[in-house]
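Q: This is the structure I have questions about; it appears just below.
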Amino acid sequence: MVTFSHADLGTAESTWMAAGLSAAPELPLDSGELAALGFVVLAAHPDDETLGAGGLAASLRGLGASVEVLLCTAGEGSHPDSTTHTPERLAAARLEEFAAALTELGLDGRWRFLGLPDRGLGLHADVIADAIRQAADGVAGTPSEPRDVVVVAPYRADGHADHDALGAVAADVAAEGGHGLLEYPIWYWHWAGPDDSDWREWTRFHLEPSAREAKARAMAAHATQVLPLSTAPGDEALLSEGFLRHFARGFEMFAWTAPRKPGEPSHRSGEATEIFDRVHQRTEDPWNYGSSWYEQRKRALTLAALPEATYAAGLEIGCSIGTLTADLAPRCRSLLAVDASGVAVERARQRLAGANHVTVEQAVLPSAWPAGSFDLMVVSEVGYYLARDELAGLWDRVEAAMQPGGALVLCHWRHPVTGWDLDGESVHALARERLGWRQAGMYRERDFLLEVLVAPAPAGTAPE
């Protein structure tokens, strides 16, 4: 979780625009496609829907699309230090504001209030999931004229606990139902900056003047958030003028995952060669392995987490251009590194040309599993590029090929990966659940999770 305050100065809108935000690709849906979809718009608190997706919502209603809004909380915790407004009074005021704002967006009567507690959505995932499913059924059309459904929700790594919890549930329900997913950031624009890479994969939805005007009117309706409650301490405006500039753009930004048939993953490993060849063809170092302090530091921590000084046989799954491979090489008497991309493999081979005990091969795992057994396996920043069934197959292969007492090292980005079902936390949780191996160590920070699991030792061997 990110630590920040609404009173922080935050990242200026001019900084975001200078970074090239307005050059992001447009949402790949035209007016006709949007009109044919059903949308479920989620808000953790009154005003989220307007800040993050108000222009989209107004545009959809203008096109005649089917839209339903779910409001989770009344936002009664927005002014905890107020001496003039109790939480109950704030809740009543904010619900009135929400209704007025949705009227401005053309969504009068198209919403439902779940009545959940502010700052407590993480404890109500099941209630939220059921409500999303019910709303999705309501906008999905009829058996004779079905509509694909798109869930519009806060970004899963927005930094606010309620936003993150709601976004995570929305992503799970969307993946389960084969729905599209549009994730809108709010507080991300405040605490993050252009060096944070999440936004570089997002899409831009252009707002016509009528949609921008409707959004501005809706935002003004949330008076308890944009104006002081009174002159008393604790009643200051929650959303500053500088913060609101992020939402006065001529476009809105979304992380987009397209709808698909239920149970069908967004990508499968069979597509991996083509996908990652394109990634590596665009630039010599697509993830800035060589220059990024984040990448350098993460590799150092990964090496430090290895339980043993040396290993007889190592396997690195998803080696890319071989930067981590080069660091692992001195710790292994033999090391096999594999990647789905032939372009990446050629660059990794060039990097490791002097290391005769290192072999780099092109392979799409888990289907093309290498022969032999290993006492070290490293799965770094690759697990979420597999569908759930493929990931389960990977853990089956790992278990079969790992020597007793061998170490499985997992390291993954904790933020959502646009266009893929899983995130780093899910990858690690599924590994722990499937393997049941002893955890030798875990390190978690805002951006990544590093974990070491150790295979059971031979029978009769005392654990360390």
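Each chain in the structure tokens gets a letter, A, B, ..., in the order shown, and its residues are numbered from 1; ligands are numbered from 1 in order too.
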Would you give me, as a list of chain:residue names, the residues in stretch 166-302 of chain A that DSSP reads as strand (DSSP E)?
A: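 Filtering stretch 166-302 of chain A to strand (DSSP E) leaves A:Gly180, A:Leu181, A:Leu182, A:Glu183, A:Tyr184, A:Thr203, A:Arg204, A:Phe205, A:His206, A:Phe251, A:Glu252, A:Met253, A:Phe254, A:Ala255, A:Trp256, A:Thr257.
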Q: Hey, could you make a per-residue contact list for stretch 121-159 of chain A against stretch 177-190 of chain A with 12 Å as the cut-off, showing the nearest pair of atoms and its distance in Å to one decimal, counting only C-alpha atoms, sorted by chain and number, as a tab-separated table?
A:
residue	atom	partner	partner_atom	distance
A:Ala129	CA	A:Gly177	CA	11.2
A:Asp130	CA	A:Gly177	CA	12.0
A:Ile132	CA	A:Gly177	CA	10.4
A:Arg133	CA	A:Gly177	CA	8.2
A:Gln134	CA	A:Gly177	CA	11.5
A:Ala136	CA	A:His179	CA	8.7
A:Asp137	CA	A:Gly177	CA	10.1
A:Val139	CA	A:His179	CA	11.5
A:Ala140	CA	A:His179	CA	10.0
A:Arg147	CA	A:His179	CA	10.1
A:Asp148	CA	A:His179	CA	6.7
A:Val149	CA	A:His179	CA	5.1
A:Val150	CA	A:Gly180	CA	4.2
A:Val151	CA	A:Leu181	CA	4.9
A:Val152	CA	A:Leu182	CA	4.7
A:Ala153	CA	A:Glu183	CA	5.0
A:Pro154	CA	A:Tyr184	CA	4.9
A:Tyr155	CA	A:Glu183	CA	4.6
A:Arg156	CA	A:Glu183	CA	7.4
A:Ala157	CA	A:Tyr188	CA	7.8
A:Asp158	CA	A:Tyr188	CA	5.0
A:Gly159	CA	A:Tyr188	CA	6.5
Q: Do you have, as a tab-separated table, the list of residues of stretch 87-171 of chain A lying at most 10 Å from stretch 200-217 of chain A, each with its nearest atom pair and that distance in Å to one decimal, counting only C-alpha atoms and ordered by chain then number?
A:
residue	atom	partner	partner_atom	distance
A:Ala100	CA	A:Arg217	CA	9.4
A:Ala101	CA	A:Arg217	CA	7.3
A:Leu102	CA	A:Lys215	CA	9.5
A:Thr103	CA	A:Ala214	CA	9.4
A:Glu104	CA	A:Ala214	CA	5.8
A:Leu105	CA	A:Ala214	CA	5.7
A:Gly106	CA	A:Ala214	CA	8.5
Q: Take the selection from the previous step and output its residues with N, CA, C and O atoms, as a PDB file, in the first residue's frame.
A:
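Okay, this is what ended up in selection_9.pdb:
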ATOM      1  N   ALA A 100     -27.154  13.572  -7.517  1.00  0.00           N
ATOM      2  CA  ALA A 100     -27.141  14.754  -8.376  1.00  0.00           C
ATOM      3  C   ALA A 100     -26.084  14.639  -9.468  1.00  0.00           C
ATOM      4  O   ALA A 100     -26.310  15.011 -10.632  1.00  0.00           O
ATOM      5  N   ALA A 101     -24.920  14.108  -9.101  1.00  0.00           N
ATOM      6  CA  ALA A 101     -23.846  13.956 -10.078  1.00  0.00           C
ATOM      7  C   ALA A 101     -24.242  12.977 -11.176  1.00  0.00           C
ATOM      8  O   ALA A 101     -23.998  13.226 -12.371  1.00  0.00           O
ATOM      9  N   LEU A 102     -24.861  11.863 -10.805  1.00  0.00           N
ATOM     10  CA  LEU A 102     -25.260  10.891 -11.820  1.00  0.00           C
ATOM     11  C   LEU A 102     -26.352  11.432 -12.733  1.00  0.00           C
ATOM     12  O   LEU A 102     -26.408  11.081 -13.918  1.00  0.00           O
ATOM     13  N   THR A 103     -27.195  12.290 -12.191  1.00  0.00           N
ATOM     14  CA  THR A 103     -28.181  12.947 -13.053  1.00  0.00           C
ATOM     15  C   THR A 103     -27.486  13.787 -14.114  1.00  0.00           C
ATOM     16  O   THR A 103     -27.873  13.775 -15.290  1.00  0.00           O
ATOM     17  N   GLU A 104     -26.445  14.501 -13.724  1.00  0.00           N
ATOM     18  CA  GLU A 104     -25.683  15.302 -14.692  1.00  0.00           C
ATOM     19  C   GLU A 104     -25.021  14.423 -15.754  1.00  0.00           C
ATOM     20  O   GLU A 104     -24.842  14.843 -16.902  1.00  0.00           O
ATOM     21  N   LEU A 105     -24.663  13.197 -15.379  1.00  0.00           N
ATOM     22  CA  LEU A 105     -24.018  12.284 -16.314  1.00  0.00           C
ATOM     23  C   LEU A 105     -25.019  11.499 -17.160  1.00  0.00           C
ATOM     24  O   LEU A 105     -24.615  10.670 -17.989  1.00  0.00           O
ATOM     25  N   GLY A 106     -26.308  11.737 -16.932  1.00  0.00           N
ATOM     26  CA  GLY A 106     -27.330  11.021 -17.681  1.00  0.00           C
ATOM     27  C   GLY A 106     -27.674   9.670 -17.108  1.00  0.00           C
ATOM     28  O   GLY A 106     -28.258   8.824 -17.801  1.00  0.00           O
TER      29      GLY A 106
END
Q: Go through A:His246, A:Arg331, A:His6, A:Arg112 and flag the residue nearest A:Leu315, using only C-alpha atoms for the distances.
A: A:Arg331
Q: So which bits of stretch 202-448 of chain A end up alpha helix (DSSP H) when you DSSP the backbone, as number ranges by chain?
A: A: 209-221, 223-226, 241-244, 272-282, 293-305, 323-328, 342-351, 388-401, 424-435
